[in-house]
Each structure stands twice: as C-alpha cells, then as structure tokens.
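In what follows, a single structure is set out as structure tokens and then discussed.
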Amino acid sequence: MSTTTNKITSQLITQEDAVIYFIQKLDIDMINTLLDEERTYQDMEKHNFVRKLGYAFDELIDSGETSLNCASGKCDAVKCNYQCRGYSFTGNNSEKHMDLIIEKDNQGKVLDIYECRFFLCDGKEKRNSYETRVRIDRE
C-alpha cells in the first residue's frame, strides 16, 4: 500500500467515514466489504442494496464521472425523514447526484443507508434537481 493510501485510510476513523469515502470513489467492492451482512439498507437485504448501488455507480461512471463530491445536508420534507442528516454525492463532471441519509450510532457505525428525495444541502435554499438524480431503487 502506498504512503498516500495509508494516510487516507488512517483518517477513516469510523465505518461512516469509510462508507462516505468509498462512495466518493465509486468503489462498490469496498462498500460491500464495509456494510454489515445482518443489516438491511433502504429496506433491502445487503446484497440487493449493494447490487443496486453498483448499478447507480455504473450509471455515473458511464456518464463520465470518476469520483463524487460530498456535501452534508438533511431531509427537508416534514412528512418524511424531516431533519435526518445525510449527504449529497455529486459527480465531478456533471450535476448528476445521489442524496443519501446515512443513519449511524454514536460510534459512527452505519445502521442504515437510504435515498432521500427531499434532500437539502447545508447552506442552500433549494433542493437538488430531480432531473439529475441517480436512483438506487428505480422500482
């Protein structure tokens, strides 16, 4: 492992830190390794969630993305997961994005990950465009 890789991975203190980092890198294999087999994510068994997240990563890669930028924010829908914290992952070459709520415990262990259709990035007055959203679960 290179010195740069060791430095980066040593900064990933919690499972949440690592999941965010590897989503940004579009690395589905590491996401699969990091997520708990016994948990469900977005009300799906882990293997189904990872498969569908992989399809979303493929869509981003096929459209020219090589990494994703990350901005924190929250759900802005009162009748949904209002005020739940999460992240908007936006392509480095376009406005394509995924808005995800990442639930975690006090130690940063990931309890759930799910899409948010009403996500508002911190410091912004309006939501990301629906037209540029990349969906994990298209059903």
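Chain identifiers are assigned as A, B, and so on, following the order in which chains appear in the structure tokens; residues are numbered from 1 within each chain, and ligands are numbered from 1 in order of appearance.
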### Spatial neighbours of Met98 (chain A), 6 Å, only C-alpha atoms, chain gap at least 2 places, as an MDAnalysis selection string
chainID A and resid 88:89 133:134
#### Entry: Every residue of chain A that DSSP places in alpha helix (DSSP H), as a PyMOL selection string
chain A and resi 3-10+15-24+28-34+46-62
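The neighbours of region 19-27 of chain A here are the residues that come within 8 Å of it, using only C-alpha atoms and leaving out any residue fewer than 5 positions away in the same chain; they are Leu12, Leu34, Phe57, Thr66, Ser67, Leu68, Asn69, Cys70 and Phe89 of chain A.
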Residues of the last selection are to be written out with C-alpha atoms, as a PDB file, in the first residue's frame.
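Below is the file that was written, out.pdb:
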ATOM      1  CA  LEU A  12     -11.127   6.952   8.135  1.00  0.00           C
ATOM      2  CA  LEU A  34     -17.773  -2.449   4.855  1.00  0.00           C
ATOM      3  CA  PHE A  57     -22.307   3.751  -9.705  1.00  0.00           C
ATOM      4  CA  THR A  66     -14.565   9.448 -11.949  1.00  0.00           C
ATOM      5  CA  SER A  67     -15.410  10.458  -8.395  1.00  0.00           C
ATOM      6  CA  LEU A  68     -18.159  12.147  -6.395  1.00  0.00           C
ATOM      7  CA  ASN A  69     -18.048  15.335  -4.363  1.00  0.00           C
ATOM      8  CA  CYS A  70     -19.777  15.204  -0.999  1.00  0.00           C
ATOM      9  CA  PHE A  89     -22.878  12.929  -3.643  1.00  0.00           C
TER      10      PHE A  89
END
### Task
Report as a list of chain:residue names: the residues of region 77-116 of chain A with a DSSP assignment of strand (DSSP E or B), based on the backbone of this structure.
A:Arg85, A:Gly86, A:Tyr87, A:Ser88, A:Phe89, A:Thr90, A:Gly91, A:His97, A:Met98, A:Asp99, A:Leu100, A:Ile101, A:Ile102, A:Glu103, A:Lys104, A:Val110, A:Leu111, A:Asp112, A:Ile113, A:Tyr114, A:Glu115
For those residues, write N, CA and C atoms to a file as a short mmCIF file (atom, residue, chain, number, x, y, z; two decimals), in the first residue's frame.
data_model
loop_
_atom_site.label_atom_id
_atom_site.label_comp_id
_atom_site.auth_asym_id
_atom_site.auth_seq_id
_atom_site.Cartn_x
_atom_site.Cartn_y
_atom_site.Cartn_z
N ARG A 85 -30.02 13.70 8.99
CA ARG A 85 -28.78 14.15 8.35
C ARG A 85 -28.31 13.14 7.31
N GLY A 86 -27.66 13.66 6.28
CA GLY A 86 -27.13 12.82 5.22
C GLY A 86 -26.17 13.58 4.34
N TYR A 87 -26.01 13.07 3.12
CA TYR A 87 -25.02 13.62 2.20
C TYR A 87 -25.54 13.60 0.77
N SER A 88 -25.16 14.62 0.04
CA SER A 88 -25.42 14.65 -1.39
C SER A 88 -24.09 14.35 -2.08
N PHE A 89 -24.08 13.32 -2.90
CA PHE A 89 -22.88 12.93 -3.64
C PHE A 89 -23.09 13.35 -5.10
N THR A 90 -22.29 14.31 -5.56
CA THR A 90 -22.45 14.90 -6.89
C THR A 90 -21.24 14.57 -7.74
N GLY A 91 -21.50 14.19 -9.00
CA GLY A 91 -20.43 13.85 -9.92
C GLY A 91 -19.42 14.97 -10.10
N HIS A 97 -26.35 13.32 -9.30
CA HIS A 97 -26.14 13.19 -7.86
C HIS A 97 -27.00 12.09 -7.26
N MET A 98 -26.59 11.66 -6.07
CA MET A 98 -27.36 10.76 -5.21
C MET A 98 -27.43 11.44 -3.85
N ASP A 99 -28.62 11.51 -3.29
CA ASP A 99 -28.82 12.09 -1.97
C ASP A 99 -29.15 10.96 -1.01
N LEU A 100 -28.29 10.77 -0.03
CA LEU A 100 -28.42 9.62 0.87
C LEU A 100 -28.46 10.04 2.33
N ILE A 101 -29.38 9.46 3.06
CA ILE A 101 -29.38 9.57 4.52
C ILE A 101 -28.56 8.38 5.02
N ILE A 102 -27.59 8.66 5.87
CA ILE A 102 -26.79 7.60 6.46
C ILE A 102 -27.03 7.66 7.97
N GLU A 103 -27.81 6.70 8.46
CA GLU A 103 -28.08 6.62 9.90
C GLU A 103 -26.91 5.90 10.55
N LYS A 104 -26.49 6.42 11.70
CA LYS A 104 -25.35 5.84 12.40
C LYS A 104 -25.58 5.91 13.90
N VAL A 110 -22.55 2.38 10.84
CA VAL A 110 -23.68 2.62 9.93
C VAL A 110 -24.82 1.66 10.25
N LEU A 111 -25.99 2.23 10.51
CA LEU A 111 -27.18 1.44 10.82
C LEU A 111 -28.09 1.28 9.61
N ASP A 112 -28.11 2.28 8.74
CA ASP A 112 -28.94 2.22 7.54
C ASP A 112 -28.46 3.28 6.55
N ILE A 113 -28.71 3.04 5.30
CA ILE A 113 -28.46 3.99 4.22
C ILE A 113 -29.68 3.96 3.33
N TYR A 114 -30.20 5.12 2.98
CA TYR A 114 -31.35 5.16 2.08
C TYR A 114 -31.41 6.49 1.35
N GLU A 115 -32.06 6.44 0.19
CA GLU A 115 -32.20 7.63 -0.64
C GLU A 115 -33.14 8.63 -0.01
#
### Residue contacts of Tyr55 (chain A) (10 Å, only C-alpha atoms) excluding same-chain residues fewer than 3 positions away, as a ChimeraX atom specification
/A:28,49-52,58-61,134-137
### Query
Any idea what the distance is between CA of Leu35 (chain A) and CA of Leu53 (chain A)?
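Result for CA of Leu35 (chain A) versus CA of Leu53 (chain A): 12.3 Å, one decimal.
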### Task
Rounded to one decimal place, report the CA of Asp36 (chain A)-CA of Phe118 (chain A) distance in Å.
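It comes out at 26.5 Å.
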### Task
Go through A:Lys109, A:Ala56, A:Glu65, A:Leu120 and flag the residue nearest Tyr82 (chain A), using only C-alpha atoms for the distances.
A:Leu120
#### Entry: Which residue of A:Ala71, A:Ile13, A:Ala18, A:Cys84 approaches Gln107 (chain A) most closely, using only C-alpha atoms
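The answer is A:Ile13, which sits nearest to Gln107 (chain A).
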### Query
Expressed in Å to a single decimal, how great is the separation between CA of Asp43 (chain A) and CA of Asn81 (chain A)?
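So the answer is 14.5 Å.
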### Polymer residues at most 8 Å from Lys46 (chain A), only C-alpha atoms, same-chain spacing of 5 or more positions, as a ChimeraX atom specification
/A:35-41
How would the residues just chosen look if you wrote them out with C-alpha atoms as a PDB file, in the first residue's frame?
ATOM      1  CA  LEU A  35     -21.527  -2.969   5.212  1.00  0.00           C
ATOM      2  CA  ASP A  36     -22.872  -5.441   7.772  1.00  0.00           C
ATOM      3  CA  GLU A  37     -24.333  -8.656   6.327  1.00  0.00           C
ATOM      4  CA  GLU A  38     -27.015  -8.777   9.022  1.00  0.00           C
ATOM      5  CA  ARG A  39     -28.473  -5.324   8.333  1.00  0.00           C
ATOM      6  CA  THR A  40     -30.903  -4.104   5.733  1.00  0.00           C
ATOM      7  CA  TYR A  41     -30.267  -0.920   3.782  1.00  0.00           C
TER       8      TYR A  41
END
### Residue with smallest distance to Lys79 (chain A) - pool A:Arg117, A:Lys96, A:Gln42, A:Ser63, counting only C-alpha atoms
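When distances to Lys79 (chain A) are compared using only C-alpha atoms, the smallest one comes from A:Arg117.
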